[in-house]
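The structure file input_3.txt is reproduced below (compact mmCIF, C-alpha atoms and all ligand atoms).
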```txt
# COMPACT_ATOMS: atom_id res chain seq x y z
CA MET A 13 23.65 -46.42 17.99
CA LYS A 14 22.90 -43.40 20.12
CA THR A 15 22.88 -43.04 23.84
CA ASP A 16 19.98 -42.16 26.08
CA ALA A 17 21.11 -38.53 26.15
CA LYS A 18 19.90 -38.37 22.55
CA SER A 19 16.48 -39.86 23.17
CA LYS A 20 13.48 -38.82 21.14
CA GLY A 21 12.32 -36.41 23.85
CA THR A 22 9.05 -36.34 25.71
CA TRP A 23 5.82 -36.66 23.83
CA ILE A 24 5.14 -32.95 24.29
CA HIS A 25 8.44 -32.15 22.59
CA ARG A 26 7.68 -34.48 19.75
CA PHE A 27 4.19 -33.01 19.46
CA ALA A 28 5.61 -29.47 19.49
CA ILE A 29 8.08 -30.35 16.75
CA ARG A 30 5.28 -31.77 14.59
CA LEU A 31 3.03 -28.82 15.27
CA PHE A 32 5.69 -26.26 14.49
CA THR A 33 6.72 -28.17 11.39
CA LEU A 34 3.15 -27.81 10.22
CA VAL A 35 3.02 -24.12 11.17
CA LEU A 36 6.30 -23.55 9.36
CA ALA A 37 4.94 -25.28 6.27
CA VAL A 38 1.83 -23.06 6.34
CA LEU A 39 3.95 -19.92 6.72
CA ILE A 40 6.24 -20.91 3.86
CA PHE A 41 3.14 -21.66 1.79
CA TRP A 42 1.95 -18.12 2.51
CA VAL A 43 5.25 -16.54 1.54
CA LEU A 44 5.21 -18.47 -1.74
CA GLY A 45 1.63 -17.28 -2.20
CA PHE A 46 2.81 -13.66 -1.94
CA PHE A 47 5.43 -14.27 -4.62
CA VAL A 48 2.88 -15.85 -6.90
CA ASP A 49 0.36 -13.05 -6.29
CA ASP A 50 2.96 -10.41 -7.12
CA ILE A 51 3.67 -12.13 -10.41
CA ARG A 52 -0.03 -12.44 -11.12
CA ALA A 53 -0.45 -8.70 -10.58
CA ILE A 54 1.60 -8.02 -13.74
CA ARG A 55 -0.80 -6.21 -16.08
CA GLY A 56 -2.07 -8.02 -19.13
CA PRO A 57 -3.22 -6.57 -22.47
CA ASP A 58 -5.64 -3.64 -22.32
CA TYR A 59 -8.85 -4.29 -24.25
CA ALA A 60 -9.82 -0.63 -24.61
CA SER A 61 -6.59 0.28 -26.42
CA ILE A 62 -6.80 -2.77 -28.69
CA GLU A 63 -10.39 -1.90 -29.60
CA LYS A 64 -9.35 1.67 -30.34
CA LYS A 65 -6.75 0.35 -32.80
CA HIS A 66 -9.33 -1.72 -34.68
CA LEU A 67 -12.35 0.59 -34.75
CA ASP A 68 -12.83 3.28 -37.40
CA LYS A 69 -12.58 6.62 -35.58
CA ASP A 70 -15.10 8.36 -37.86
CA LEU A 71 -17.61 5.61 -37.27
CA VAL A 72 -17.24 5.89 -33.51
CA ALA A 73 -17.58 9.68 -33.73
CA LYS A 74 -20.65 9.27 -35.92
CA ARG A 75 -22.27 6.94 -33.41
CA LEU A 76 -21.55 9.40 -30.62
CA ALA A 77 -23.05 12.31 -32.61
CA LEU A 78 -26.12 10.23 -33.44
CA GLU A 79 -26.58 9.27 -29.82
CA LYS A 80 -26.42 12.91 -28.86
CA GLN A 81 -28.93 13.93 -31.55
CA VAL A 82 -31.37 11.22 -30.50
CA ALA A 83 -31.10 12.34 -26.88
CA ASP A 84 -31.70 15.96 -27.89
CA LEU A 85 -34.69 15.06 -29.97
CA THR A 86 -36.18 12.94 -27.21
CA ARG A 87 -35.91 15.91 -24.86
CA GLN A 88 -37.55 18.24 -27.41
CA ILE A 89 -40.38 15.79 -28.01
CA GLU A 90 -41.00 15.67 -24.28
CA ASN A 91 -41.15 19.48 -24.15
CA GLN A 92 -43.60 19.66 -27.06
CA THR A 93 -45.80 16.96 -25.59
CA GLU A 94 -45.90 18.86 -22.31
CA LYS A 95 -46.91 22.05 -24.17
CA GLN A 96 -49.55 20.12 -26.06
CA ARG A 97 -50.96 18.82 -22.77
CA VAL A 98 -51.23 22.37 -21.38
CA VAL A 99 -52.98 23.60 -24.56
CA GLY A 100 -55.32 20.61 -24.43
CA ASP A 101 -56.28 21.38 -20.81
CA SER A 102 -56.96 24.99 -21.68
CA SER A 103 -59.09 23.90 -24.69
CA ARG A 104 -61.21 21.66 -22.48
CA ASN A 105 -61.78 24.55 -20.05
CA LEU A 106 -62.80 26.84 -22.89
CA GLN A 107 -65.12 24.21 -24.26
CA GLN A 108 -66.89 23.99 -20.92
CA THR A 109 -67.24 27.78 -20.78
CA ILE A 110 -68.68 27.90 -24.30
CA ASN A 111 -71.10 25.10 -23.48
CA GLN A 112 -72.30 27.00 -20.41
CA LEU A 113 -72.72 30.20 -22.43
CA LEU A 114 -74.69 28.31 -25.09
CA GLU A 115 -76.89 26.83 -22.34
CA LEU A 116 -77.54 30.31 -20.99
CA GLN A 117 -78.40 31.60 -24.47
CA LYS A 118 -80.80 28.71 -24.99
CA LEU A 119 -82.52 29.48 -21.68
CA GLY A 120 -82.67 33.22 -22.62
CA MET A 121 -84.25 32.44 -25.98
CA GLN A 122 -86.89 30.28 -24.30
CA LYS A 123 -87.75 33.20 -22.01
CA SER A 124 -87.32 35.66 -24.94
CA ILE A 125 -84.48 37.44 -23.16
CA ALA A 126 -81.92 38.66 -25.65
CA PHE A 127 -78.18 38.13 -25.21
CA SER A 128 -76.58 41.33 -23.91
CA ASP A 129 -73.69 42.92 -25.86
CA THR A 130 -71.21 42.00 -23.15
CA GLU A 131 -72.38 38.42 -23.15
CA GLN A 132 -72.18 38.32 -26.90
CA ALA A 133 -68.64 39.75 -26.79
CA ASN A 134 -67.59 37.21 -24.12
CA PHE A 135 -68.97 34.38 -26.19
CA THR A 136 -67.17 35.54 -29.32
CA SER A 137 -63.80 35.98 -27.57
CA SER A 138 -64.12 32.57 -25.89
CA LEU A 139 -64.92 30.99 -29.19
CA ASN A 140 -61.95 32.71 -30.86
CA LEU A 141 -59.65 31.62 -28.10
CA PHE A 142 -60.93 28.08 -28.39
CA LEU A 143 -60.39 28.00 -32.12
CA ASN A 144 -56.91 29.46 -31.70
CA ASN A 145 -56.10 26.83 -29.10
CA GLN A 146 -57.31 24.09 -31.35
CA LYS A 147 -55.13 25.39 -34.15
CA LYS A 148 -52.11 25.53 -31.83
CA TYR A 149 -52.86 22.00 -30.65
CA GLN A 150 -52.92 20.76 -34.21
CA GLU A 151 -49.63 22.51 -34.96
CA LEU A 152 -48.00 20.98 -31.89
CA SER A 153 -49.26 17.56 -32.88
CA GLN A 154 -47.75 18.03 -36.30
CA THR A 155 -44.38 19.08 -34.83
CA VAL A 156 -44.32 16.13 -32.44
CA SER A 157 -45.10 13.66 -35.17
CA ASP A 158 -42.40 15.22 -37.40
CA MET A 159 -39.91 14.96 -34.57
CA LEU A 160 -40.84 11.35 -33.89
CA GLU A 161 -40.28 10.52 -37.50
CA ARG A 162 -36.90 12.20 -37.45
CA LYS A 163 -36.01 10.36 -34.26
CA GLN A 164 -36.89 7.01 -35.78
CA GLY A 165 -34.66 7.81 -38.72
CA LEU A 166 -31.79 8.70 -36.44
CA VAL A 167 -32.25 5.56 -34.34
CA ARG A 168 -32.20 3.44 -37.48
CA GLU A 169 -28.98 5.13 -38.58
CA LYS A 170 -27.47 4.65 -35.14
CA ASP A 171 -28.34 0.93 -35.15
CA GLN A 172 -26.71 0.62 -38.55
CA THR A 173 -23.52 2.29 -37.27
CA GLU A 174 -23.58 0.09 -34.20
CA LEU A 175 -23.74 -2.98 -36.42
CA GLU A 176 -20.75 -1.84 -38.45
CA ILE A 177 -18.77 -1.13 -35.27
CA GLU A 178 -19.68 -4.56 -33.93
CA LYS A 179 -18.24 -6.09 -37.11
CA GLN A 180 -14.96 -4.26 -36.51
CA ARG A 181 -14.95 -5.33 -32.88
CA GLN A 182 -14.64 -9.02 -33.70
CA PRO A 183 -10.96 -8.87 -34.80
CA ALA A 184 -10.25 -6.68 -31.76
CA ARG A 185 -11.72 -9.36 -29.53
CA ASP A 186 -9.75 -12.08 -31.28
CA GLU A 187 -6.51 -10.18 -30.87
CA PHE A 188 -7.30 -9.51 -27.22
CA ASN A 189 -7.95 -13.21 -26.61
CA THR A 190 -4.68 -14.22 -28.25
CA LEU A 191 -2.71 -11.63 -26.27
CA SER A 192 -4.45 -12.61 -23.04
CA GLN A 193 -3.63 -16.26 -23.57
CA ARG A 194 -0.01 -15.40 -24.26
CA HIS A 195 0.13 -13.23 -21.15
CA ARG A 196 -1.34 -16.04 -19.06
CA MET A 197 1.28 -18.47 -20.31
CA LYS A 198 4.00 -15.94 -19.54
CA LEU A 199 2.71 -15.61 -15.97
CA ALA A 200 2.51 -19.38 -15.57
CA PHE A 201 6.04 -19.75 -16.87
CA LEU A 202 7.38 -17.09 -14.50
CA GLN A 203 5.61 -18.56 -11.50
CA LEU A 204 6.71 -22.09 -12.27
CA ALA A 205 10.28 -20.98 -13.02
CA ILE A 206 10.53 -19.47 -9.54
CA LEU A 207 8.62 -22.19 -7.72
CA LEU A 208 10.40 -25.05 -9.47
CA SER A 209 13.84 -23.63 -8.70
CA ILE A 210 12.78 -23.33 -5.05
CA LEU A 211 11.49 -26.90 -5.23
CA VAL A 212 14.80 -28.16 -6.64
CA VAL A 213 16.65 -26.43 -3.78
CA ALA A 214 14.21 -27.94 -1.27
CA ALA A 215 14.54 -31.43 -2.74
CA THR A 216 18.34 -31.20 -2.75
CA VAL A 217 18.40 -30.08 0.88
CA ILE A 218 15.94 -32.82 1.90
CA ILE A 219 18.01 -35.53 0.22
CA LYS A 220 21.35 -34.23 1.49
CA LYS A 221 20.26 -33.47 5.05
CA ARG A 222 18.13 -36.59 5.41
CA SER A 223 19.77 -37.49 8.73
CA SER A 224 20.16 -33.94 10.05
CA ILE A 225 18.36 -33.11 13.27
CA TYR A 226 16.84 -30.14 11.43
CA PHE A 227 15.18 -32.43 8.90
CA PRO A 228 11.60 -31.32 9.83
CA LEU A 229 12.52 -27.77 8.77
CA PHE A 230 13.56 -28.90 5.32
CA LEU A 231 10.58 -31.21 5.08
CA ALA A 232 8.17 -28.35 5.82
CA PHE A 233 9.94 -26.23 3.21
CA GLY A 234 9.77 -28.97 0.60
CA ALA A 235 6.16 -29.93 1.27
CA ALA A 236 4.91 -26.32 1.16
CA THR A 237 6.73 -25.71 -2.13
CA LEU A 238 5.45 -28.93 -3.64
CA ILE A 239 1.84 -28.10 -2.79
CA LYS A 240 2.20 -24.59 -4.21
CA VAL A 241 3.70 -25.94 -7.42
CA ALA A 242 0.84 -28.42 -7.74
CA LEU A 243 -1.74 -25.66 -7.24
CA VAL A 244 -0.13 -23.35 -9.81
CA VAL A 245 0.16 -26.18 -12.33
CA HIS A 246 -3.47 -27.08 -11.73
CA GLU A 247 -4.56 -23.47 -12.19
CA TYR A 248 -2.77 -22.83 -15.48
CA PHE A 249 -2.88 -26.14 -17.23
CA PRO A 250 -6.13 -27.86 -18.09
CA SER A 251 -6.94 -30.73 -15.76
CA LYS A 252 -6.70 -32.99 -18.82
CA TYR A 253 -2.92 -32.60 -18.69
CA PHE A 254 -2.71 -31.99 -14.97
CA LYS A 255 -4.11 -35.43 -14.29
CA TYR A 256 -1.08 -36.95 -16.06
CA VAL A 257 1.35 -34.68 -14.24
CA LEU A 258 -0.22 -35.63 -10.92
CA ILE A 259 -0.32 -39.34 -11.59
CA GLY A 260 3.28 -39.18 -12.87
CA GLY A 261 4.41 -37.45 -9.67
CA LEU A 262 2.55 -39.94 -7.50
CA LEU A 263 4.01 -42.87 -9.44
CA ILE A 264 7.54 -41.59 -8.91
CA VAL A 265 6.95 -41.08 -5.18
CA VAL A 266 5.31 -44.49 -4.66
CA VAL A 267 8.00 -46.30 -6.68
CA ARG A 268 10.72 -44.53 -4.69
CA LEU A 269 9.08 -45.52 -1.40
CA LEU A 270 8.70 -49.12 -2.54
CA ILE A 271 12.32 -49.31 -3.62
CA TYR A 272 13.36 -47.80 -0.28
CA PHE A 273 11.47 -50.39 1.77
CA ILE A 274 12.53 -53.30 -0.42
CA ARG A 275 16.16 -52.26 -0.10
CA THR A 276 15.84 -51.80 3.65
CA ILE A 277 14.72 -55.41 3.96
CA ALA A 278 17.16 -56.82 1.42
CA PHE A 279 20.25 -55.00 2.68
CA PRO A 280 20.03 -54.38 6.42
CA LYS A 281 21.78 -51.24 7.44
CA THR A 282 23.33 -52.94 10.49
CA GLN A 283 25.99 -54.72 8.46
CA TRP A 284 27.06 -51.53 6.87
CA LEU A 285 26.94 -49.64 10.17
CA VAL A 286 29.06 -52.22 11.98
CA LYS A 287 31.65 -51.94 9.25
CA GLN A 288 31.67 -48.18 9.63
CA TYR A 289 31.93 -48.39 13.44
CA ARG A 290 34.72 -50.97 13.26
CA GLU A 291 36.80 -48.71 11.04
CA ALA A 292 36.26 -45.79 13.40
CA TYR A 293 37.33 -47.84 16.47
CA GLU A 294 40.44 -48.97 14.57
CA ARG A 295 41.44 -45.34 14.22
CA PHE A 296 40.46 -44.46 17.79
CA LEU A 297 37.81 -42.07 16.53
CA CYS A 298 34.22 -41.69 17.73
CA PRO A 299 32.06 -43.55 15.12
CA ILE A 300 29.43 -40.84 15.37
CA CYS A 301 31.37 -37.57 15.30
CA GLU A 302 35.00 -38.62 14.61
CA TYR A 303 36.31 -36.98 17.76
CA PRO A 304 39.41 -38.86 19.02
CA ILE A 305 38.80 -41.53 21.65
CA ARG A 306 41.40 -40.43 24.20
CA ILE A 307 41.83 -43.33 26.56
CA GLY A 308 44.81 -45.07 28.11
CA PRO A 309 48.15 -44.03 26.66
CA ARG A 310 46.40 -41.75 24.18
CA ARG A 311 44.83 -39.59 26.86
CA PHE A 312 47.00 -36.54 26.19
CA LEU A 313 47.28 -36.83 22.43
CA PHE A 314 45.21 -35.52 19.57
CA TRP A 315 44.82 -36.96 16.07
CA THR A 316 42.47 -37.15 13.11
CA ARG A 317 41.60 -39.80 10.53
CA ARG A 318 44.70 -38.79 8.54
CA THR A 319 47.22 -38.34 11.34
CA VAL A 320 46.20 -41.34 13.45
CA ASN A 321 49.02 -43.56 12.17
CA LYS A 322 51.70 -40.89 12.39
CA ILE A 323 51.52 -40.05 16.06
CA VAL A 324 53.82 -41.78 18.51
CA VAL A 325 51.92 -43.35 21.38
CA PRO A 326 53.85 -43.30 24.68
CA SER A 327 54.02 -46.79 26.17
CA ASP A 328 54.79 -45.96 29.79
CA GLN A 329 51.28 -44.89 30.71
CA GLY A 330 48.62 -47.04 32.31
CA ASP A 331 46.54 -49.23 30.01
CA GLN A 332 43.64 -49.78 32.37
CA GLU A 333 40.26 -50.06 30.63
CA GLU A 334 37.39 -47.90 31.77
CA LYS A 335 33.98 -46.71 30.64
CA TYR A 336 34.19 -43.97 28.05
CA THR A 337 31.70 -41.51 26.57
CA CYS A 338 32.58 -39.26 23.61
CA PRO A 339 33.02 -35.78 25.14
CA SER A 340 31.95 -34.23 21.87
CA CYS A 341 28.70 -35.94 20.93
CA GLY A 342 27.89 -37.86 24.12
CA SER A 343 27.74 -41.30 22.50
CA SER A 344 28.74 -44.13 24.81
CA LEU A 345 31.85 -45.78 23.25
CA PHE A 346 33.07 -48.17 25.98
CA GLU A 347 30.70 -49.61 28.53
CA GLU A 348 30.48 -52.35 31.09
CA CYS A 349 29.56 -55.76 29.63
CA PRO A 350 26.41 -57.03 31.29
CA SER A 351 27.67 -60.65 31.29
CA CYS A 352 31.35 -60.42 32.33
CA HIS A 353 31.30 -56.90 33.81
CA LYS A 354 34.49 -55.95 32.03
CA ILE A 355 34.75 -53.01 29.63
CA ARG A 356 33.60 -53.65 26.07
CA HIS A 357 33.05 -51.67 22.84
CA ALA A 358 29.62 -50.13 23.06
CA MET A 359 29.07 -49.99 19.31
CA LEU A 360 30.44 -53.35 18.19
CA PRO A 361 28.37 -56.54 18.31
CA ASN A 362 30.56 -58.75 20.52
CA CYS A 363 32.30 -58.34 23.88
CA SER A 364 36.07 -58.74 23.46
CA HIS A 365 36.30 -60.58 26.80
CA CYS A 366 33.39 -62.97 26.94
CA GLY A 367 31.98 -62.68 23.42
CA ALA A 368 28.50 -61.73 24.58
CA LYS A 369 26.41 -60.55 21.67
CA LYS A 370 24.74 -57.18 21.52
CA GLU A 371 22.16 -55.85 19.07
CA ILE A 372 23.51 -52.95 17.03
CA LYS A 373 20.77 -50.62 15.89
ZN ZN A 401 31.44 -38.46 19.37
ZN ZN A 402 31.85 -59.53 28.23
```

File written out as structure tokens:
Amino acid sequence: MKTDAKSKGTWIHRFAIRLFTLVLAVLIFWVLGFFVDDIRAIRGPDYASIEKKHLDKDLVAKRLALEKQVADLTRQIENQTEKQRVVGDSSRNLQQTINQLLELQKLGMQKSIAFSDTEQANFTSSLNLFLNNQKKYQELSQTVSDMLERKQGLVREKDQTELEIEKQRQPARDEFNTLSQRHRMKLAFLQLAILLSILVVAATVIIKKRSSIYFPLFLAFGAATLIKVALVVHEYFPSKYFKYVLIGGLLIVVVRLLIYFIRTIAFPKTQWLVKQYREAYERFLCPICEYPIRIGPRRFLFWTRRTVNKIVVPSDQGDQEEKYTCPSCGSSLFEECPSCHKIRHAMLPNCSHCGAKKEIK
């Protein structure tokens, strides 16, 4: 039905068209991804504020105060223990000194040398110091053990408070879950609303412009949108349901394809095309683009489908037949017949001179 001027192009052209169709689809997929991401960025419910609403303020304050007290106490206990360690060290030193002094005294007694006054005084002061230290050590021990007891009490109280707070947290968590779920559904709805309207536009364009030369553009657009829709549906709806959606979509597509092929075989397009071409030739219009076929006496006239019967055709001009190509779309309309070498209709099945048959595609 078309001339060589409208051939499919070289393989590199065809390859380039396929490649760029694919690239276009990927780019459109990206753009749709940006839309979807922007929608997804809409903030959901805030857990912290929900928890605040549900928890008793006094209880939270109490827990905080208890935590602080426990921390303070722990620090104090550490300080006291450190002090106790220092006192203990000093006691051990003193003990050694006293032991040495006693040893000396024992030696002196064996040799009947009496302890001097200074030595006696040293011994007494060391002993006093030692006893004092021991007393201090005991006191520190007592303080530490008191503090530990107090700390344990506080920790117990804190645990109790924590338990109560945990009980109040449960409804907060439930509310958060409900709100989150609702938010998720809202996002899914928004995304699908946008994507599905784009898909409807794409499908309409694909069906309407099926025979347009720019069909690959629309196909890329439609395919990218369809894949994005499928991904979003899969993300938001459990695969239990998604499986049915997917199989439903596939069924529709396969049935449509089957119907298409069955119809193509049952009702060949040629018949219908020939009818269309015949009507166009009758009106002296190009069957492809409807531009007037200006040959013979009609060479200097112009008409359309509506005005074709109203124009007056001058009869004094030559009626010689010649080859003719539509100046608008380049389709060959009259050509030389290969059998009788006269001029015949290029888009009708039979030669008007010799009747030679021609395949109309
Ligand atoms: Zn034409
Ligand atoms: Zn012929």

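Separating CA of Pro183 (chain A) from CA of His66 (chain A) is a distance of 7.3 Å.
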
Could you list the protein, DNA and RNA residues that have any atom within 7 Å of ligand ZN 401 (chain A), counting all atoms listed in the file, and write them as a VMD selection string? chain A and resid 298 to 303 338 to 343

Which residues come within 10 Å of region 140-149 of chain A, counting all atoms listed in the file, excluding same-chain residues fewer than 4 positions away, as JSON, numbers by chain? {"A": [95, 96, 97, 98, 99, 100, 101, 102, 103, 104, 105, 106, 107, 109, 110, 134, 135, 136, 153, 154, 155]}

At a cut-off of 7 Å, using only C-alpha atoms, what residues contact Leu360 (chain A)? Leave out same-chain residues fewer than 2 positions from it and give the result as a PDB file with C-alpha atoms, keeping the file's coordinate frame.
```pdb
ATOM      1  CA  VAL A 286      29.060 -52.220  11.980  1.00  0.00           C
ATOM      2  CA  ARG A 290      34.720 -50.970  13.260  1.00  0.00           C
ATOM      3  CA  HIS A 357      33.050 -51.670  22.840  1.00  0.00           C
ATOM      4  CA  ALA A 358      29.620 -50.130  23.060  1.00  0.00           C
ATOM      5  CA  ASN A 362      30.560 -58.750  20.520  1.00  0.00           C
TER       6      ASN A 362
END
```

Around (4.3, -23.4, -5.2), as given in the file, which residues come within 10 Å? Count all atoms listed in the file and list them as a PyMOL selection string. chain A and resi 40-45+47-48+203-204+206-208+210-211+234-245

Restricting the calculation to all atoms listed in the file, which member of A:Glu347, A:Ser137, A:Leu199, A:Arg268 is positioned closest to Asp49 (chain A)?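 Using all atoms listed in the file, Asp49 (chain A) sits closest to A:Leu199.
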
Contacts to ligand ZN 402 (chain A) at 9 Å cut-off (all atoms listed in the file) as a list of chain:residue names: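 Final answer, ordered by chain and number: A:Glu348, A:Cys349, A:Pro350, A:Ser351, A:Cys352, A:His353, A:Lys354, A:Ile355, A:Arg356, A:Asn362, A:Cys363, A:Ser364, A:His365, A:Cys366, A:Gly367, A:Ala368, A:Lys369.
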
Kindly indicate which residue among A:Gln283, A:Asn91, A:Ser138, A:Gln164 lies nearest to Leu113 (chain A), using only C-alpha atoms for the distances.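 Closest residue, counting only C-alpha atoms: A:Ser138.
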
Would you list the contacts of Arg306 (chain A) as a list in words, taking every protein, DNA or RNA residue within 9 Å and counting all atoms listed in the file, but skipping same-chain residues closer than 5 positions in sequence? Phe296, Leu297, Arg311, Phe312, Leu313, Phe314, Tyr336 and Cys338 of chain A

Nearest candidate to Phe230 (chain A) (options A:Leu67, A:Gln150, A:Glu333, A:Leu36; using all atoms listed in the file):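 Going through A:Leu67, A:Gln150, A:Glu333, A:Leu36 one by one, the smallest distance to Phe230 (chain A) is for A:Leu36.
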
Would you please work out which residue, of A:Trp23, A:Ile51, A:Ala215, A:Asn321, is nearest to Leu231 (chain A) when using all atoms listed in the file?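 Under the stated criterion, the closest residue is A:Ala215.
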
Could you rebuild region 71-83 of chain A with N, CA and C atoms and give it back as a PDB file, in the frame of the given file?
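Written file, selection-v4.pdb:
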```
ATOM      1  N   LEU A  71     -16.388   6.359 -37.570  1.00  0.00           N
ATOM      2  CA  LEU A  71     -17.610   5.610 -37.270  1.00  0.00           C
ATOM      3  C   LEU A  71     -17.999   5.798 -35.797  1.00  0.00           C
ATOM      4  N   VAL A  72     -16.982   5.716 -34.941  1.00  0.00           N
ATOM      5  CA  VAL A  72     -17.240   5.890 -33.510  1.00  0.00           C
ATOM      6  C   VAL A  72     -17.776   7.291 -33.239  1.00  0.00           C
ATOM      7  N   ALA A  73     -17.149   8.290 -33.911  1.00  0.00           N
ATOM      8  CA  ALA A  73     -17.580   9.680 -33.730  1.00  0.00           C
ATOM      9  C   ALA A  73     -19.020   9.841 -34.210  1.00  0.00           C
ATOM     10  N   LYS A  74     -19.307   9.185 -35.338  1.00  0.00           N
ATOM     11  CA  LYS A  74     -20.650   9.270 -35.920  1.00  0.00           C
ATOM     12  C   LYS A  74     -21.684   8.713 -34.936  1.00  0.00           C
ATOM     13  N   ARG A  75     -21.332   7.556 -34.354  1.00  0.00           N
ATOM     14  CA  ARG A  75     -22.270   6.940 -33.410  1.00  0.00           C
ATOM     15  C   ARG A  75     -22.518   7.870 -32.227  1.00  0.00           C
ATOM     16  N   LEU A  76     -21.420   8.499 -31.767  1.00  0.00           N
ATOM     17  CA  LEU A  76     -21.550   9.400 -30.620  1.00  0.00           C
ATOM     18  C   LEU A  76     -22.470  10.567 -30.958  1.00  0.00           C
ATOM     19  N   ALA A  77     -22.247  11.162 -32.176  1.00  0.00           N
ATOM     20  CA  ALA A  77     -23.050  12.310 -32.610  1.00  0.00           C
ATOM     21  C   ALA A  77     -24.516  11.900 -32.708  1.00  0.00           C
ATOM     22  N   LEU A  78     -24.742  10.704 -33.271  1.00  0.00           N
ATOM     23  CA  LEU A  78     -26.120  10.230 -33.440  1.00  0.00           C
ATOM     24  C   LEU A  78     -26.792  10.046 -32.080  1.00  0.00           C
ATOM     25  N   GLU A  79     -26.021   9.473 -31.163  1.00  0.00           N
ATOM     26  CA  GLU A  79     -26.580   9.270 -29.820  1.00  0.00           C
ATOM     27  C   GLU A  79     -27.008  10.597 -29.209  1.00  0.00           C
ATOM     28  N   LYS A  80     -26.138  11.597 -29.427  1.00  0.00           N
ATOM     29  CA  LYS A  80     -26.420  12.910 -28.860  1.00  0.00           C
ATOM     30  C   LYS A  80     -27.683  13.500 -29.504  1.00  0.00           C
ATOM     31  N   GLN A  81     -27.772  13.382 -30.829  1.00  0.00           N
ATOM     32  CA  GLN A  81     -28.930  13.930 -31.550  1.00  0.00           C
ATOM     33  C   GLN A  81     -30.225  13.268 -31.079  1.00  0.00           C
ATOM     34  N   VAL A  82     -30.167  11.943 -30.935  1.00  0.00           N
ATOM     35  CA  VAL A  82     -31.370  11.220 -30.500  1.00  0.00           C
ATOM     36  C   VAL A  82     -31.786  11.698 -29.112  1.00  0.00           C
ATOM     37  N   ALA A  83     -30.784  11.883 -28.237  1.00  0.00           N
ATOM     38  CA  ALA A  83     -31.100  12.340 -26.880  1.00  0.00           C
ATOM     39  C   ALA A  83     -31.744  13.718 -26.913  1.00  0.00           C
TER      40      ALA A  83
END
```
